[in-house]
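work38.txt, holding compact mmCIF, C-alpha atoms:
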```txt
# COMPACT_ATOMS: atom_id res chain seq x y z
CA MET B 1 -13.14 -78.34 18.14
CA ILE B 2 -13.14 -77.06 14.57
CA VAL B 3 -11.94 -78.57 11.29
CA ARG B 4 -9.15 -76.74 9.52
CA PRO B 5 -7.48 -77.19 6.12
CA PHE B 6 -4.65 -79.74 6.15
CA LYS B 7 -1.84 -78.96 3.71
CA PRO B 8 0.66 -81.81 3.29
CA ALA B 9 4.29 -80.79 3.24
CA THR B 10 5.85 -81.20 -0.21
CA GLU B 11 9.10 -82.87 -1.10
CA PRO B 12 11.92 -80.77 -2.68
CA ARG B 13 10.87 -80.25 -6.28
CA ASP B 14 14.42 -79.88 -7.58
CA LEU B 15 15.07 -83.60 -7.06
CA ASN B 16 12.92 -84.53 -10.02
CA PRO B 17 11.01 -81.95 -12.06
CA THR B 18 8.41 -84.59 -12.98
CA ASP B 19 7.48 -85.41 -9.39
CA LYS B 20 3.89 -84.65 -8.43
CA THR B 21 2.97 -83.03 -5.17
CA ARG B 22 1.88 -85.09 -2.18
CA ALA B 23 -1.63 -83.71 -2.63
CA ASN B 24 -1.85 -85.36 -6.04
CA HIS B 25 -0.49 -88.61 -4.64
CA ILE B 26 -3.24 -88.64 -2.01
CA VAL B 27 -5.91 -87.93 -4.61
CA GLU B 28 -4.64 -90.75 -6.84
CA ARG B 29 -4.81 -93.22 -3.93
CA VAL B 30 -8.39 -92.23 -3.18
CA LEU B 31 -9.40 -92.54 -6.83
CA ALA B 32 -7.88 -96.03 -6.96
CA LEU B 33 -10.56 -97.28 -4.54
CA ASP B 34 -13.54 -99.01 -6.09
CA ALA B 35 -17.03 -97.62 -5.49
CA THR B 36 -17.81 -100.01 -2.63
CA ALA B 37 -14.57 -99.32 -0.78
CA MET B 38 -14.97 -95.59 -1.29
CA ALA B 39 -18.51 -95.54 0.09
CA SER B 40 -17.42 -97.67 3.04
CA GLN B 41 -14.50 -95.38 3.81
CA LEU B 42 -16.70 -92.25 3.68
CA ALA B 43 -19.27 -93.92 5.96
CA ASP B 44 -16.50 -94.75 8.43
CA VAL B 45 -15.29 -91.13 8.43
CA LEU B 46 -18.82 -89.87 9.08
CA GLU B 47 -19.35 -92.39 11.89
CA ASN B 48 -16.20 -91.11 13.59
CA PHE B 49 -16.61 -87.36 13.08
CA GLU B 50 -20.15 -86.33 12.13
CA GLY B 51 -21.31 -85.90 15.73
CA ARG B 52 -18.43 -83.53 16.44
CA HIS B 53 -19.18 -80.95 13.70
CA ARG B 54 -22.04 -79.36 11.81
CA ASN B 55 -22.65 -80.08 8.10
CA LEU B 56 -19.57 -82.25 7.75
CA LEU B 57 -20.30 -83.49 4.21
CA LYS B 58 -20.75 -79.89 3.07
CA THR B 59 -17.44 -79.03 4.69
CA PHE B 60 -15.75 -81.87 2.82
CA GLU B 61 -17.15 -80.63 -0.49
CA GLN B 62 -16.08 -77.04 0.22
CA ARG B 63 -12.56 -78.23 0.97
CA ALA B 64 -12.51 -80.07 -2.36
CA ASP B 65 -13.69 -76.87 -4.06
CA ASP B 66 -10.76 -75.00 -2.50
CA MET B 67 -8.38 -77.54 -4.00
CA GLU B 68 -9.42 -77.26 -7.65
CA GLU B 69 -5.83 -76.52 -8.68
CA ALA B 70 -4.55 -79.74 -7.14
CA LEU B 71 -7.47 -81.72 -8.56
CA SER B 72 -7.31 -80.31 -12.07
CA GLU B 73 -4.97 -83.03 -13.32
CA HIS B 74 -7.60 -85.68 -12.70
CA SER B 75 -10.84 -86.53 -14.48
CA PRO B 76 -14.21 -85.30 -13.17
CA PHE B 77 -15.16 -86.67 -9.77
CA SER B 78 -18.35 -88.14 -8.42
CA LYS B 79 -19.90 -86.49 -5.39
CA VAL B 80 -18.68 -89.27 -3.09
CA GLN B 81 -15.17 -88.96 -4.49
CA ARG B 82 -15.12 -85.20 -3.87
CA GLN B 83 -16.41 -85.64 -0.33
CA LEU B 84 -13.84 -88.28 0.56
CA ILE B 85 -10.99 -86.33 -1.02
CA GLY B 86 -12.06 -83.23 0.95
CA ALA B 87 -11.94 -85.27 4.17
CA TYR B 88 -8.31 -86.21 3.53
CA PHE B 89 -7.31 -82.54 3.43
CA LEU B 90 -8.85 -81.49 6.75
CA HIS B 91 -7.83 -81.93 10.36
CA GLU B 92 -9.40 -81.22 13.72
CA TYR B 93 -8.03 -78.37 15.81
CA SER B 94 -8.83 -77.86 19.48
CA PHE B 95 -8.72 -74.08 19.54
CA GLU B 96 -9.02 -73.65 23.35
CA ALA B 97 -6.83 -76.61 24.33
CA SER B 98 -3.95 -74.56 25.75
CA ALA B 99 -5.48 -71.34 27.06
CA LEU B 100 -8.59 -69.15 27.15
CA PHE B 101 -8.03 -65.62 28.36
CA ASN B 102 -7.94 -61.83 27.84
CA PRO B 103 -11.70 -61.15 27.74
CA SER B 104 -13.48 -58.06 26.42
CA ILE B 105 -17.14 -57.22 27.08
CA VAL B 106 -19.79 -55.14 25.27
CA SER B 107 -23.58 -54.90 25.30
CA HIS B 108 -25.32 -57.54 23.21
CA PRO B 109 -26.99 -56.03 20.11
CA ASP B 110 -30.25 -57.77 21.12
CA GLN B 111 -31.61 -56.63 24.50
CA SER B 112 -35.15 -57.94 24.00
CA GLY B 113 -36.65 -59.76 26.96
CA VAL B 114 -34.04 -58.58 29.44
CA ASP B 115 -35.29 -57.62 32.91
CA ASN B 116 -35.36 -53.95 33.85
CA GLY B 117 -31.99 -52.86 35.18
CA SER B 118 -30.24 -55.87 33.63
CA ARG B 119 -28.16 -56.14 30.48
CA ARG B 120 -27.27 -58.92 28.07
CA PHE B 121 -23.61 -58.93 27.00
CA VAL B 122 -21.20 -60.46 24.50
CA LEU B 123 -17.85 -61.59 25.85
CA SER B 124 -14.94 -62.13 23.48
CA LEU B 125 -11.95 -64.21 24.50
CA ARG B 126 -8.57 -65.14 23.09
CA ALA B 127 -8.29 -68.90 22.65
CA VAL B 128 -4.98 -70.70 22.16
CA GLY B 129 -4.51 -74.20 20.79
CA GLU B 130 -1.69 -76.39 19.52
CA GLY B 131 1.33 -74.43 18.31
CA HIS B 132 0.30 -71.33 20.30
CA VAL B 133 -2.07 -70.19 17.54
CA SER B 134 -4.63 -67.68 18.82
CA SER B 135 -8.21 -67.31 17.61
CA LEU B 136 -11.24 -65.31 18.70
CA THR B 137 -14.19 -66.95 20.42
CA PHE B 138 -17.34 -65.67 22.15
CA ARG B 139 -19.70 -66.17 25.07
CA THR B 140 -22.94 -64.44 26.08
CA GLY B 141 -24.47 -63.71 29.45
CA THR B 142 -26.42 -61.27 31.58
CA ILE B 143 -25.50 -58.66 34.17
CA ALA B 144 -28.29 -58.31 36.73
CA ALA B 145 -29.38 -55.00 38.22
CA ASP B 146 -27.19 -55.65 41.29
CA GLY B 147 -24.10 -56.29 39.12
CA SER B 148 -24.05 -60.07 39.47
CA VAL B 149 -22.95 -61.87 36.32
CA ALA B 150 -24.31 -65.04 34.74
CA VAL B 151 -22.63 -66.59 31.68
CA ASP B 152 -24.84 -68.63 29.36
CA PRO B 153 -24.03 -72.32 28.78
CA THR B 154 -21.88 -72.85 25.70
CA ALA B 155 -22.96 -74.82 22.66
CA ARG B 156 -21.47 -78.28 22.22
CA LEU B 157 -20.19 -77.65 18.69
CA ALA B 158 -17.97 -74.97 17.16
CA SER B 159 -17.78 -73.60 13.63
CA SER B 160 -15.66 -71.39 11.42
CA PRO B 161 -17.22 -68.71 9.18
CA GLN B 162 -17.48 -68.62 5.43
CA ILE B 163 -15.20 -66.15 3.64
CA GLU B 164 -17.63 -63.94 1.75
CA ARG B 165 -15.10 -61.57 0.25
CA ARG B 166 -11.35 -61.12 0.15
CA VAL B 167 -9.77 -57.89 -1.12
CA PRO B 168 -5.96 -57.81 -1.50
CA GLY B 169 -4.27 -54.59 -0.33
CA PRO B 170 -0.75 -53.19 0.09
CA LEU B 171 -0.66 -54.23 3.76
CA GLY B 172 -2.54 -57.50 3.32
CA ASP B 173 -6.01 -58.77 2.67
CA GLU B 174 -9.25 -57.25 3.87
CA VAL B 175 -11.64 -60.12 4.57
CA GLU B 176 -15.39 -60.34 5.12
CA LEU B 177 -16.66 -63.35 7.09
CA ILE B 178 -20.16 -64.61 7.82
CA PHE B 179 -21.47 -67.30 10.15
CA ASP B 180 -24.58 -69.42 9.82
CA PRO B 181 -27.34 -67.58 11.76
CA ALA B 182 -28.54 -70.94 13.09
CA GLN B 183 -25.34 -71.25 15.11
CA ASP B 184 -25.23 -69.98 18.68
CA ILE B 185 -22.74 -67.17 19.18
CA SER B 186 -20.67 -69.43 21.44
CA GLU B 187 -20.13 -71.72 18.42
CA ARG B 188 -18.50 -68.98 16.35
CA VAL B 189 -14.72 -69.05 16.10
CA ILE B 190 -12.70 -66.53 14.08
CA PHE B 191 -9.50 -68.34 13.19
CA PRO B 192 -6.61 -66.69 11.29
CA VAL B 193 -7.53 -66.33 7.62
CA THR B 194 -4.70 -64.18 6.19
CA GLU B 195 -0.92 -64.50 6.05
CA ALA B 196 -0.46 -61.60 8.49
CA GLN B 197 -2.67 -63.42 11.04
CA SER B 198 -1.32 -66.89 10.34
CA HIS B 199 0.05 -67.39 13.87
CA GLY B 200 -2.70 -65.60 15.74
CA ILE B 201 -5.53 -63.14 16.21
CA GLU B 202 -4.63 -61.80 19.65
CA ASP B 203 -6.24 -59.64 22.34
CA ALA B 204 -9.32 -58.17 20.66
CA ARG B 205 -10.48 -55.00 22.43
CA PHE B 206 -14.17 -54.56 21.54
CA VAL B 207 -15.99 -51.25 21.88
CA GLU B 208 -19.59 -50.26 21.22
CA PHE B 209 -19.11 -47.30 18.88
CA HIS B 210 -21.95 -44.80 18.38
CA GLU B 211 -22.24 -42.50 15.39
CA GLY B 212 -25.23 -41.04 13.55
CA GLY B 213 -27.75 -43.07 15.51
CA ARG B 214 -26.02 -46.33 14.55
CA THR B 215 -24.04 -48.74 16.69
CA THR B 216 -21.04 -50.58 15.30
CA TYR B 217 -18.89 -52.94 17.31
CA TYR B 218 -15.21 -52.40 16.56
CA ALA B 219 -12.28 -54.31 17.95
CA THR B 220 -8.60 -53.63 17.52
CA TYR B 221 -6.45 -56.75 17.75
CA THR B 222 -2.90 -57.89 17.15
CA ALA B 223 -2.28 -59.87 13.97
CA TYR B 224 0.76 -62.13 14.40
CA GLY B 225 2.33 -63.66 11.32
CA GLY B 226 5.08 -65.64 13.05
CA ALA B 227 7.79 -63.02 12.58
CA ALA B 228 5.97 -59.68 12.72
CA ILE B 229 2.99 -58.08 14.42
CA ARG B 230 0.64 -55.28 13.48
CA SER B 231 -2.72 -53.90 14.57
CA GLU B 232 -5.87 -54.72 12.64
CA LEU B 233 -9.56 -53.89 13.02
CA ILE B 234 -12.70 -56.03 13.28
CA GLU B 235 -16.10 -54.51 12.48
CA THR B 236 -19.51 -56.04 13.10
CA ARG B 237 -23.04 -54.89 13.83
CA ASP B 238 -24.54 -58.24 14.75
CA PHE B 239 -21.69 -60.67 15.67
CA LEU B 240 -22.82 -62.69 12.67
CA SER B 241 -20.91 -60.99 9.84
CA PHE B 242 -17.47 -59.49 10.37
CA ARG B 243 -14.97 -57.45 8.38
CA LEU B 244 -11.26 -57.71 9.23
CA SER B 245 -9.00 -54.93 7.92
CA PRO B 246 -5.33 -54.02 8.37
CA LEU B 247 -4.64 -50.63 9.96
CA GLN B 248 -2.09 -48.27 8.47
CA GLY B 249 0.31 -45.70 9.90
CA ALA B 250 3.12 -45.53 12.42
CA ALA B 251 0.87 -46.10 15.45
CA ALA B 252 -0.49 -49.34 13.97
CA ARG B 253 2.89 -51.04 13.82
CA ASN B 254 2.64 -52.09 17.46
CA LYS B 255 -0.01 -53.77 19.57
CA GLY B 256 -2.39 -52.55 22.26
CA MET B 257 -4.58 -50.03 20.43
CA ALA B 258 -7.99 -49.15 21.93
CA LEU B 259 -10.65 -47.01 20.23
CA PHE B 260 -12.80 -44.46 22.08
CA PRO B 261 -16.57 -45.19 21.79
CA HIS B 262 -17.35 -42.05 19.77
CA ARG B 263 -15.57 -39.23 17.98
CA ILE B 264 -14.17 -36.28 19.92
CA ASP B 265 -14.17 -32.91 18.13
CA GLY B 266 -15.02 -34.70 14.92
CA LYS B 267 -12.09 -37.11 15.03
CA TYR B 268 -11.64 -40.76 15.85
CA VAL B 269 -9.48 -41.14 18.95
CA MET B 270 -7.31 -44.09 19.95
CA ILE B 271 -5.12 -45.09 22.87
CA THR B 272 -1.89 -46.53 21.44
CA ARG B 273 1.44 -47.89 22.63
CA GLN B 274 4.01 -47.08 20.00
CA ASP B 275 7.22 -47.75 21.93
CA ASN B 276 6.46 -50.87 24.01
CA GLU B 277 6.60 -48.82 27.20
CA ASN B 278 4.31 -45.76 27.35
CA LEU B 279 0.71 -44.91 26.45
CA TYR B 280 -0.11 -42.41 23.71
CA LEU B 281 -3.24 -40.68 22.49
CA ALA B 282 -3.73 -40.44 18.72
CA SER B 283 -6.51 -38.91 16.64
CA SER B 284 -7.42 -39.40 13.00
CA ASP B 285 -9.95 -38.45 10.34
CA ASP B 286 -9.51 -41.94 8.90
CA LEU B 287 -10.49 -44.93 11.02
CA TYR B 288 -7.98 -47.11 9.17
CA ARG B 289 -4.88 -44.85 9.38
CA TRP B 290 -3.14 -43.88 12.63
CA GLU B 291 0.05 -41.86 12.82
CA ASP B 292 2.17 -40.91 15.82
CA GLY B 293 0.28 -39.79 18.89
CA GLN B 294 1.12 -37.76 21.98
CA ALA B 295 2.58 -39.50 25.04
CA ILE B 296 0.14 -39.16 27.95
CA LEU B 297 1.20 -41.82 30.45
CA LYS B 298 4.56 -43.29 31.46
CA PRO B 299 5.54 -45.92 34.06
CA GLN B 300 5.60 -44.23 37.44
CA PHE B 301 5.05 -46.81 40.20
CA PRO B 302 7.04 -49.99 41.00
CA TRP B 303 4.25 -52.34 39.83
CA GLU B 304 4.49 -50.81 36.32
CA PHE B 305 8.19 -49.98 35.95
CA VAL B 306 8.75 -52.40 33.02
CA GLN B 307 5.88 -51.09 30.87
CA ILE B 308 2.26 -50.02 30.86
CA GLY B 309 -0.53 -50.65 28.41
CA ASN B 310 -4.26 -50.20 28.09
CA CYS B 311 -6.83 -52.75 29.19
CA GLY B 312 -9.48 -51.93 26.62
CA SER B 313 -11.33 -48.90 25.32
CA PRO B 314 -11.94 -45.94 27.65
CA ILE B 315 -15.29 -45.89 29.46
CA GLU B 316 -17.19 -42.60 29.52
CA LEU B 317 -18.16 -41.31 32.98
CA ASP B 318 -19.58 -37.96 34.05
CA GLU B 319 -16.18 -37.21 35.62
CA GLY B 320 -14.09 -38.09 32.55
CA TRP B 321 -12.78 -41.08 30.60
CA LEU B 322 -11.97 -44.11 32.72
CA LEU B 323 -9.02 -45.96 31.20
CA LEU B 324 -8.06 -49.28 32.72
CA THR B 325 -4.36 -50.03 32.39
CA HIS B 326 -2.00 -52.90 32.96
CA GLY B 327 1.41 -52.55 34.52
CA VAL B 328 4.33 -54.97 34.39
CA GLY B 329 6.55 -55.18 37.45
CA PRO B 330 9.28 -57.43 38.86
CA VAL B 331 9.47 -60.96 37.36
CA ARG B 332 7.02 -59.69 34.71
CA LYS B 333 4.09 -59.69 37.10
CA TYR B 334 1.03 -58.10 35.43
CA SER B 335 -1.43 -56.02 37.46
CA ILE B 336 -4.43 -53.85 36.54
CA GLY B 337 -4.74 -50.17 37.40
CA ALA B 338 -6.83 -47.18 36.30
CA VAL B 339 -6.50 -43.65 34.98
CA LEU B 340 -9.02 -40.82 34.62
CA LEU B 341 -8.65 -38.68 31.48
CA ASP B 342 -10.25 -35.30 30.82
CA LYS B 343 -13.55 -35.72 28.98
CA ARG B 344 -13.03 -33.01 26.36
CA THR B 345 -9.24 -33.11 26.18
CA PRO B 346 -8.20 -36.69 26.94
CA VAL B 347 -4.49 -35.93 26.68
CA ARG B 348 -4.92 -34.47 30.18
CA VAL B 349 -4.56 -37.02 32.99
CA LEU B 350 -6.81 -36.03 35.91
CA ALA B 351 -6.10 -38.92 38.29
CA ARG B 352 -4.28 -42.21 38.49
CA SER B 353 -4.26 -45.27 40.75
CA THR B 354 -1.01 -45.50 42.71
CA GLU B 355 -1.62 -49.17 43.59
CA PRO B 356 -3.13 -51.92 41.43
CA LEU B 357 -6.86 -52.53 41.50
CA LEU B 358 -6.19 -56.21 40.76
CA ARG B 359 -3.02 -58.22 41.10
CA PRO B 360 -2.29 -61.98 40.94
CA GLU B 361 -3.22 -63.77 44.16
CA SER B 362 -0.86 -66.36 45.57
CA SER B 363 -3.37 -69.16 44.95
CA GLU B 364 -3.96 -68.13 41.32
CA ARG B 365 -0.46 -67.36 40.04
CA GLU B 366 0.14 -70.66 38.21
CA GLY B 367 -1.00 -71.30 34.66
CA TYR B 368 -0.19 -71.13 30.97
CA VAL B 369 1.44 -67.73 31.62
CA PRO B 370 1.97 -67.32 35.39
CA ASN B 371 1.77 -64.11 37.45
CA VAL B 372 -0.70 -62.34 35.15
CA VAL B 373 -4.11 -60.73 35.50
CA TYR B 374 -5.25 -59.07 32.30
CA THR B 375 -8.33 -57.72 30.59
CA CYS B 376 -9.12 -56.36 27.14
CA GLY B 377 -12.15 -54.33 28.16
CA ALA B 378 -14.74 -53.63 30.88
CA ILE B 379 -18.25 -52.16 30.78
CA ARG B 380 -20.24 -49.66 32.80
CA HIS B 381 -23.48 -51.03 34.24
CA ASN B 382 -25.58 -48.63 36.32
CA ASP B 383 -23.24 -47.34 39.07
CA GLN B 384 -20.68 -50.10 38.68
CA ILE B 385 -17.84 -51.19 36.42
CA VAL B 386 -18.05 -54.87 35.44
CA LEU B 387 -14.56 -56.13 34.69
CA PRO B 388 -13.90 -59.54 33.12
CA TYR B 389 -10.28 -60.53 33.54
CA ALA B 390 -8.01 -63.48 32.85
CA VAL B 391 -5.95 -65.21 35.51
CA SER B 392 -2.56 -66.59 34.41
CA ASP B 393 -4.00 -67.09 30.91
CA THR B 394 -5.82 -70.16 32.26
CA PHE B 395 -9.35 -69.03 33.11
CA SER B 396 -11.38 -65.82 33.27
CA ASN B 397 -13.31 -64.28 36.12
CA PHE B 398 -15.40 -61.15 36.79
CA ALA B 399 -14.91 -58.29 39.24
CA THR B 400 -17.40 -55.51 39.97
CA MET B 401 -16.42 -52.08 41.31
CA LYS B 402 -18.54 -49.16 42.41
CA ILE B 403 -17.64 -46.18 40.26
CA SER B 404 -17.55 -43.89 43.30
CA ALA B 405 -15.10 -46.15 45.12
CA LEU B 406 -12.97 -46.50 42.00
CA LEU B 407 -12.69 -42.72 41.59
CA GLN B 408 -11.72 -42.36 45.26
CA ALA B 409 -8.93 -44.91 44.73
CA MET B 410 -7.24 -42.59 42.22
CA SER B 411 -5.26 -39.49 43.07
```
Can the structure from this file be put into structure tokens for me?
Amino acid sequence: MIVRPFKPATEPRDLNPTDKTRANHIVERVLALDATAMASQLADVLENFEGRHRNLLKTFEQRADDMEEALSEHSPFSKVQRQLIGAYFLHEYSFEASALFNPSIVSHPDQSGVDNGSRRFVLSLRAVGEGHVSSLTFRTGTIAADGSVAVDPTARLASSPQIERRVPGPLGDEVELIFDPAQDISERVIFPVTEAQSHGIEDARFVEFHEGGRTTYYATYTAYGGAAIRSELIETRDFLSFRLSPLQGAAARNKGMALFPHRIDGKYVMITRQDNENLYLASSDDLYRWEDGQAILKPQFPWEFVQIGNCGSPIELDEGWLLLTHGVGPVRKYSIGAVLLDKRTPVRVLARSTEPLLRPESSEREGYVPNVVYTCGAIRHNDQIVLPYAVSDTFSNFATMKISALLQAMS
């Protein structure tokens, strides 16, 4: 549960040019309370909500700060007045109430204290709440030497970040966010913060990108504004501060982009899906601009006749680039397959699974979106692939596969 800004709907202004907005009406009603009633009302709000959120009084004051334009018609406020007014312009939002799915996994930036042969990870998930609005949430856990997976318990509270910086651009805002370092990573929720994302931040595909001895975690995701989609990019080094930027170019007008974990021949390389049906490979000197790529993979088998897409960033093996894919078949049934791309020239397809690696089981086909298994990224751990995947957009699970067996399953 997080608190989000509440914006009252306004009445048609052309009925009476002197009418004030509903926001001003609410403020006037609050200001009409005497000091005792105001203090009592604020105490009642805190009694009801303080245990459900961190730093609630501070949140109230920040909301009042955001509303300076609406408050400017009124005289200066006391601290209690600002806090109570802020409370009237917030609402709770249960960001995982409808669905939690489409996971992506990367190594945790802090591996201190982990047993030999084990690895700590960060799992990102797409959460959906009321109105089908998607946000980005996180979990942590550990993969043991034998490939078994343990997910850490989640924190009881959840929090949104502070907006540190917002830079308007021709395609929309670039935004920098930061969370309180005292918050557990499972508390951190990235909710839409720009107009282009207003209806959802969808299907983040995280990758651990290495360049010049530095590691940056990038994630391509779909920004949904209610009428249009486009691809955008998240950047972080610590999962504490994040930068969200729109991507430019023809390849960024669709969804399903996935970045390779390092440059190839000096260029950034991306798997894209520019036509809603096939997979393309694009390269660029500019991480933020992606033009048309080269088609490398088309639907070939019955379980993918409708369309194919990627299931996260390619994973580097000695034998080549392992690209997990999803295929859509009859009755829009989603299954997961795999492709092996040439290591130096990834436009070359070396092998491909003719049958799905994972498909919806009869007992797990029902849910928010039935008949779907889906992932936004796996990870290599020792001689295995650890694959988190969503089932019918209702819950997520993990599969482990020996790399040798996976390669043998492709032809």
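Residues within 8 Å of Pro346 (chain B), counting all atoms listed in the file and excluding same-chain residues fewer than 5 positions away, are Leu281, Trp321 and Leu341 of chain B.
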Which is closest to Gly141 (chain B) among B:Phe398, B:Pro370, B:Asp342, B:Gly226, if we use all atoms listed in the file? B:Phe398
Find the residues around Ala99 (chain B) up to 10 Å (only C-alpha atoms counted), leave out those fewer than 5 positions away in its own chain, and share them as a ChimeraX atom specification. /B:125-130,132,134,367-369,392-395
Taking C-alpha atoms for each residue, export the selection above as a CSV table (one decimal), keeping the file's coordinate frame.
```csv
chain,number,residue,atom,x,y,z
B,125,LEU,CA,-12.0,-64.2,24.5
B,126,ARG,CA,-8.6,-65.1,23.1
B,127,ALA,CA,-8.3,-68.9,22.6
B,128,VAL,CA,-5.0,-70.7,22.2
B,129,GLY,CA,-4.5,-74.2,20.8
B,130,GLU,CA,-1.7,-76.4,19.5
B,132,HIS,CA,0.3,-71.3,20.3
B,134,SER,CA,-4.6,-67.7,18.8
B,367,GLY,CA,-1.0,-71.3,34.7
B,368,TYR,CA,-0.2,-71.1,31.0
B,369,VAL,CA,1.4,-67.7,31.6
B,392,SER,CA,-2.6,-66.6,34.4
B,393,ASP,CA,-4.0,-67.1,30.9
B,394,THR,CA,-5.8,-70.2,32.3
B,395,PHE,CA,-9.4,-69.0,33.1
```
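Proximity to His108 (chain B) was assessed for B:Ser396, B:Ile2, B:Phe121, B:Leu56 counting only C-alpha atoms; the smallest distance is recorded for B:Phe121.
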Name the residues in contact with Ser107 (chain B) at a cut-off of 10 Å, using all atoms listed in the file, excluding same-chain residues fewer than 2 positions from it; report them as an MDAnalysis selection string. chainID B and resid 105 109:111 119:123 140:143 207:208 217 379:381
My list of candidates is B:Pro246, B:Pro76, B:Gly213, B:Gly200. Which is closest to Gly172 (chain B) when distances are computed with only C-alpha atoms? B:Pro246
Using only C-alpha atoms, which residues sit within 12 Å of Glu211 (chain B) once same-chain residues fewer than 3 positions away are excluded, as a PyMOL selection string? chain B and resi 208+214-217+260-264+266-268
Could you jot down the CA of Val151 (chain B) to CA of Gly117 (chain B) separation for me, Å, one decimal place?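 Distance reported for this atom pair: 17.0 Å.
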What does the distance from CA of Ala252 (chain B) to CA of Ala390 (chain B) come to in Å, to one decimal? 24.8 Å
So how far away is CA of Leu323 (chain B) from CA of Ser112 (chain B), in Å?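 Spanning CA of Ser112 (chain B) to CA of Leu323 (chain B) is a straight-line distance of 29.6 Å.
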Counting all atoms listed in the file, the residue of B:Pro356, B:Glu187, B:Ala409, B:Ile403 that sits nearest Glu319 (chain B):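 Counting all atoms listed in the file, the residue closest to Glu319 (chain B) is B:Ile403.
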So which residues are close to (-15.0, -68.0, 27.2), meaning at most 7 Å away in the file's coordinates with only C-alpha atoms counted, and can you show them as an MDAnalysis selection string? chainID B and resid 100 124:125 137:139
Which residue is closest to Gln83 (chain B)? Choose from B:Val106, B:Leu177, B:Met38, B:Leu171 and count all atoms listed in the file.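 Of B:Val106, B:Leu177, B:Met38, B:Leu171, the one nearest Gln83 (chain B) is B:Met38, counting all atoms listed in the file.
Between Phe206 (chain B) and the candidates B:Ala43, B:Cys376, B:Gly86, B:Ala64, the tightest atom-to-atom separation, counting all atoms listed in the file, involves B:Cys376.
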Could you pull the residues within 12 Å of Trp290 (chain B), counting all atoms listed in the file, minus those fewer than 5 positions along the same chain, as a PDB file with C-alpha atoms, in the coordinates of the input?
```pdb
ATOM      1  CA  SER B 231      -2.720 -53.900  14.570  1.00  0.00           C
ATOM      2  CA  GLU B 232      -5.870 -54.720  12.640  1.00  0.00           C
ATOM      3  CA  LEU B 233      -9.560 -53.890  13.020  1.00  0.00           C
ATOM      4  CA  PRO B 246      -5.330 -54.020   8.370  1.00  0.00           C
ATOM      5  CA  LEU B 247      -4.640 -50.630   9.960  1.00  0.00           C
ATOM      6  CA  GLN B 248      -2.090 -48.270   8.470  1.00  0.00           C
ATOM      7  CA  GLY B 249       0.310 -45.700   9.900  1.00  0.00           C
ATOM      8  CA  ALA B 250       3.120 -45.530  12.420  1.00  0.00           C
ATOM      9  CA  ALA B 251       0.870 -46.100  15.450  1.00  0.00           C
ATOM     10  CA  ALA B 252      -0.490 -49.340  13.970  1.00  0.00           C
ATOM     11  CA  ARG B 253       2.890 -51.040  13.820  1.00  0.00           C
ATOM     12  CA  ASN B 254       2.640 -52.090  17.460  1.00  0.00           C
ATOM     13  CA  MET B 257      -4.580 -50.030  20.430  1.00  0.00           C
ATOM     14  CA  ALA B 258      -7.990 -49.150  21.930  1.00  0.00           C
ATOM     15  CA  LEU B 259     -10.650 -47.010  20.230  1.00  0.00           C
ATOM     16  CA  LYS B 267     -12.090 -37.110  15.030  1.00  0.00           C
ATOM     17  CA  TYR B 268     -11.640 -40.760  15.850  1.00  0.00           C
ATOM     18  CA  VAL B 269      -9.480 -41.140  18.950  1.00  0.00           C
ATOM     19  CA  MET B 270      -7.310 -44.090  19.950  1.00  0.00           C
ATOM     20  CA  ILE B 271      -5.120 -45.090  22.870  1.00  0.00           C
ATOM     21  CA  THR B 272      -1.890 -46.530  21.440  1.00  0.00           C
ATOM     22  CA  ARG B 273       1.440 -47.890  22.630  1.00  0.00           C
ATOM     23  CA  GLN B 274       4.010 -47.080  20.000  1.00  0.00           C
ATOM     24  CA  TYR B 280      -0.110 -42.410  23.710  1.00  0.00           C
ATOM     25  CA  LEU B 281      -3.240 -40.680  22.490  1.00  0.00           C
ATOM     26  CA  ALA B 282      -3.730 -40.440  18.720  1.00  0.00           C
ATOM     27  CA  SER B 283      -6.510 -38.910  16.640  1.00  0.00           C
ATOM     28  CA  SER B 284      -7.420 -39.400  13.000  1.00  0.00           C
ATOM     29  CA  ASP B 285      -9.950 -38.450  10.340  1.00  0.00           C
TER      30      ASP B 285
END
```
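The point (-17.4, -45.5, 43.4) has these residues within 12 Å of it, counting all atoms listed in the file: B:Leu317, B:Glu319, B:Arg380, B:Asn382, B:Asp383, B:Gln384, B:Ile385, B:Thr400, B:Met401, B:Lys402, B:Ile403, B:Ser404, B:Ala405, B:Leu406, B:Leu407, B:Gln408, B:Ala409, B:Met410.
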Selection to disk with C-alpha atoms, as a tab-separated table (two decimals), in the coordinates of the input:
```
chain	number	residue	atom	x	y	z
B	317	LEU	CA	-18.16	-41.31	32.98
B	319	GLU	CA	-16.18	-37.21	35.62
B	380	ARG	CA	-20.24	-49.66	32.80
B	382	ASN	CA	-25.58	-48.63	36.32
B	383	ASP	CA	-23.24	-47.34	39.07
B	384	GLN	CA	-20.68	-50.10	38.68
B	385	ILE	CA	-17.84	-51.19	36.42
B	400	THR	CA	-17.40	-55.51	39.97
B	401	MET	CA	-16.42	-52.08	41.31
B	402	LYS	CA	-18.54	-49.16	42.41
B	403	ILE	CA	-17.64	-46.18	40.26
B	404	SER	CA	-17.55	-43.89	43.30
B	405	ALA	CA	-15.10	-46.15	45.12
B	406	LEU	CA	-12.97	-46.50	42.00
B	407	LEU	CA	-12.69	-42.72	41.59
B	408	GLN	CA	-11.72	-42.36	45.26
B	409	ALA	CA	-8.93	-44.91	44.73
B	410	MET	CA	-7.24	-42.59	42.22
```
